[in-house]
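Engineer: Here it is, the structure, as structure tokens.
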Amino acid sequence: MASVWVGSRGTIRDYTGFNASKDAETVRKAIKGIGTDEKTLISILTERSNAQRQLMAKEYRAASGKDLKDDLKSDLSGNLERVIVALVTPPAVFDAKQLKKSMKGSGTNEKALIEILASRSSKQMKEVSQAYYTVYKKSLGDDISSDTSGDFRKALLTLADGRRDENVKVDEHLAKKDAQVLYSAGEKKWGTDEDKFTEILCLRSIPQLKLTFDEYRNISKKTIEESIQGEMSGHFEDLLLAIVQCVTNTPAFFAERLHQSLKGAGTDEFTLNRIMVSRSEIDLLDIRAEYKKHYGCSLYSAIKSDTSGDYKTTLLMICGGDD
């Protein structure tokens, strides 16, 4: 069965000549010695696909009776530990954990919630919800509900449900109708009908929304973004704009998020790790191209000048090349 987590534009692919037990043994030696051999760990883990890392972890447990993730955690620390552990985590579990971290503690990290929920497909979200329940014995929806409110909450819950239509066929009549509904719900009236925006933007298929946004521009002489910016506010506005960005150009959306995580005074490693790892087998090549196009330097060079040590080495290996 083809994984919903693998695309054709990733920087990491299945390693040819992969041998799970041999890799497990090499990794065990790298961890076990006096002082960890980070170089070996990094080169093996970044040159194998996630599916292969899972097989390796299984062999590791069979040979040593220990959990690879636990051993990595006790042997590494800081940013390096976080990115390496992310690499050996199954994608749906990784998303589930990132969502949990975004809701844990005193403040909610709305940006991370928005990024994950706006960019994942229905099939991916169904797996994430399952993983969330398995790991935390709580439903993702319940946690989102208790952590957010209003229209923002409603839209997040709709996305978390994984009910977006995944049909690739577009319906021109529906696109015209939806465009008119959005126009009537926003630009045309006093007070905005937020529910209509949520319903259309969170449930229609991606190709269907592309057409709807074109029709919208024909009717209102404005882009859907301009209308959302004029009509909405707060986190709800941010979420709808993220959905529009993902519909229009997902790699550009991630390139912008990476740029924000790398520029300025401190690096936002939480975001940097999440995007680099979660897109490494899907569309990181396209994200790199968008990064270069919009920011005038390569993603590789931005990471290189902003990080250091083995952490830097790991991210550059995932990045997979300079542009």
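Every chain in the structure tokens takes a letter, A first, then B, and so on in the order presented; its residues are numbered from 1, and the ligands are numbered from 1 following the presented order.
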I'd like the contact shell of segment 128-135 of chain A - 6 Å cut-off, only C-alpha atoms, skipping same-chain residues fewer than 4 positions apart - returned as a short mmCIF file (atom, residue, chain, number, x, y, z; two decimals) with N, CA, C and O atoms, in the first residue's frame.
Structural biologist:
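File written: selection12.cif
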```cif
data_model
loop_
_atom_site.label_atom_id
_atom_site.label_comp_id
_atom_site.auth_asym_id
_atom_site.auth_seq_id
_atom_site.Cartn_x
_atom_site.Cartn_y
_atom_site.Cartn_z
N ALA A 92 2.76 9.91 11.15
CA ALA A 92 1.49 10.25 11.80
C ALA A 92 1.70 10.50 13.30
O ALA A 92 1.09 11.40 13.88
N VAL A 93 2.57 9.72 13.90
CA VAL A 93 2.88 9.88 15.33
C VAL A 93 3.62 11.20 15.54
O VAL A 93 3.37 11.93 16.50
N ALA A 96 1.15 13.95 15.43
CA ALA A 96 0.35 13.91 16.67
C ALA A 96 1.12 14.54 17.82
O ALA A 96 0.58 15.35 18.58
N SER A 139 -8.94 12.17 22.50
CA SER A 139 -9.17 12.48 21.09
C SER A 139 -8.57 13.85 20.77
O SER A 139 -8.61 14.77 21.58
N LEU A 140 -8.01 13.94 19.58
CA LEU A 140 -7.41 15.19 19.11
C LEU A 140 -8.46 16.30 19.14
O LEU A 140 -8.19 17.43 19.59
#
```
Engineer: Name the residues of segment 1-243 of chain A that come out as helix (DSSP H, G or I) in a backbone DSSP run; write them as number ranges by chain.
Structural biologist: A: 20-32, 38-46, 50-64, 68-75, 78-87, 91-103, 110-119, 122-136, 140-147, 150-160, 172-185, 194-203, 206-220, 224-231, 234-243
Engineer: Considering only C-alpha atoms, state which residue in the set A:Gly296, A:Pro207, A:Gly264, A:Gly234 is at the smallest distance from Val247 of chain A.
Structural biologist: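 Counting only C-alpha atoms, the residue closest to Val247 of chain A is A:Pro207.
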Engineer: Would you kindly return, as a PyMOL selection string, each protein, DNA or RNA residue with an atom no farther than 9 Å from any atom of Asn19 of chain A, considering only C-alpha atoms and excluding same-chain residues fewer than 5 positions away?
Structural biologist: chain A and resi 24+52+56
Engineer: Kindly export the residues of the current selection with all heavy atoms, as a short mmCIF file (atom, residue, chain, number, x, y, z; two decimals), in the first residue's frame.
Structural biologist:
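Done, and the output landed in part_30.cif:
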```
data_model
loop_
_atom_site.label_atom_id
_atom_site.label_comp_id
_atom_site.auth_asym_id
_atom_site.auth_seq_id
_atom_site.Cartn_x
_atom_site.Cartn_y
_atom_site.Cartn_z
N ALA A 24 20.85 -1.70 11.93
CA ALA A 24 20.55 -1.71 13.37
C ALA A 24 21.83 -1.96 14.17
O ALA A 24 22.08 -1.33 15.19
CB ALA A 24 19.49 -2.77 13.68
N GLN A 52 12.01 2.68 6.14
CA GLN A 52 13.22 1.89 6.41
C GLN A 52 13.70 2.08 7.85
O GLN A 52 14.14 1.12 8.50
CB GLN A 52 14.33 2.26 5.42
CG GLN A 52 14.02 1.78 4.00
CD GLN A 52 15.05 2.24 2.98
OE1 GLN A 52 15.65 3.31 3.12
NE2 GLN A 52 15.26 1.44 1.94
N MET A 56 14.40 -0.76 10.70
CA MET A 56 15.68 -0.75 11.43
C MET A 56 15.41 -0.75 12.95
O MET A 56 16.06 -1.48 13.70
CB MET A 56 16.44 0.53 11.04
CG MET A 56 17.86 0.62 11.54
SD MET A 56 18.46 2.33 11.41
CE MET A 56 18.12 2.75 9.70
#
```
Engineer: If we count only C-alpha atoms and set the cut-off at 7 Å, which residues sit around Arg164 of chain A, ignoring sequence neighbours fewer than 6 positions away in its own chain? Please answer as a ChimeraX atom specification.
Structural biologist: /A:122,202-205
Engineer: Counting only C-alpha atoms, what is within 8 Å of Asn273 of chain A, bar same-chain residues fewer than 6 positions away, as an MDAnalysis selection string?
Structural biologist: chainID A and resid 82:83 86 315
Engineer: For a quick check of understanding, using only C-alpha atoms, which of A:Leu262, A:Leu209, A:Ala255, A:Ala155 has the smallest distance to Glu237 of chain A?
Structural biologist: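 Among the listed residues, the smallest separation from Glu237 of chain A belongs to A:Ala155.
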Engineer: Just checking: using only C-alpha atoms, which residue out of A:Gly150, A:Gly33, A:Gly309, A:Gly65 ends up closest to Ser233 of chain A?
Structural biologist: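 For Ser233 of chain A, the nearest of the candidates is A:Gly150.
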Engineer: Mind checking which residues fall within 9 Å of Ile84 of chain A, counting only C-alpha atoms, ignoring those fewer than 5 positions away in the same chain, and posting them as a ChimeraX atom specification?
Structural biologist: /A:41-42,45-46,69,72-73,76,79,89,311,314
Engineer: Using only C-alpha atoms, which of A:Arg288, A:Lys196, A:Arg28, A:Lys154 sits nearest Tyr183 of chain A?
Structural biologist: A:Lys196
Engineer: Between A:Glu115, A:Glu199, A:Glu38, A:Glu25, single out the one closest to Arg274 of chain A, counting only C-alpha atoms.
Structural biologist: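 Among A:Glu115, A:Glu199, A:Glu38, A:Glu25, it is A:Glu115 that comes nearest to Arg274 of chain A.
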Engineer: If we count only C-alpha atoms and set the cut-off at 7 Å, which residues sit around segment 316-323 of chain A, ignoring sequence neighbours fewer than 2 positions away in its own chain? Please answer as JSON, numbers by chain.
Structural biologist: {"A": [11, 12, 46, 276, 280, 298, 300, 312, 313, 314]}
Engineer: How close does segment 221-287 of chain A get to segment 176-182 of chain A? List, as CSV, each residue of segment 221-287 of chain A within 12 Å, its nearest atom pair and the distance in Å to one decimal, counting only C-alpha atoms.
Structural biologist:
```
residue,atom,partner,partner_atom,distance
A:Lys221,CA,A:Ala179,CA,11.8
A:Lys222,CA,A:Ala179,CA,11.7
A:Thr223,CA,A:Ala179,CA,11.1
A:Ile224,CA,A:Leu182,CA,8.8
A:Glu225,CA,A:Leu182,CA,11.9
A:Ser227,CA,A:Leu182,CA,9.5
A:Ile228,CA,A:Leu182,CA,10.0
A:Glu231,CA,A:Leu182,CA,11.3
```
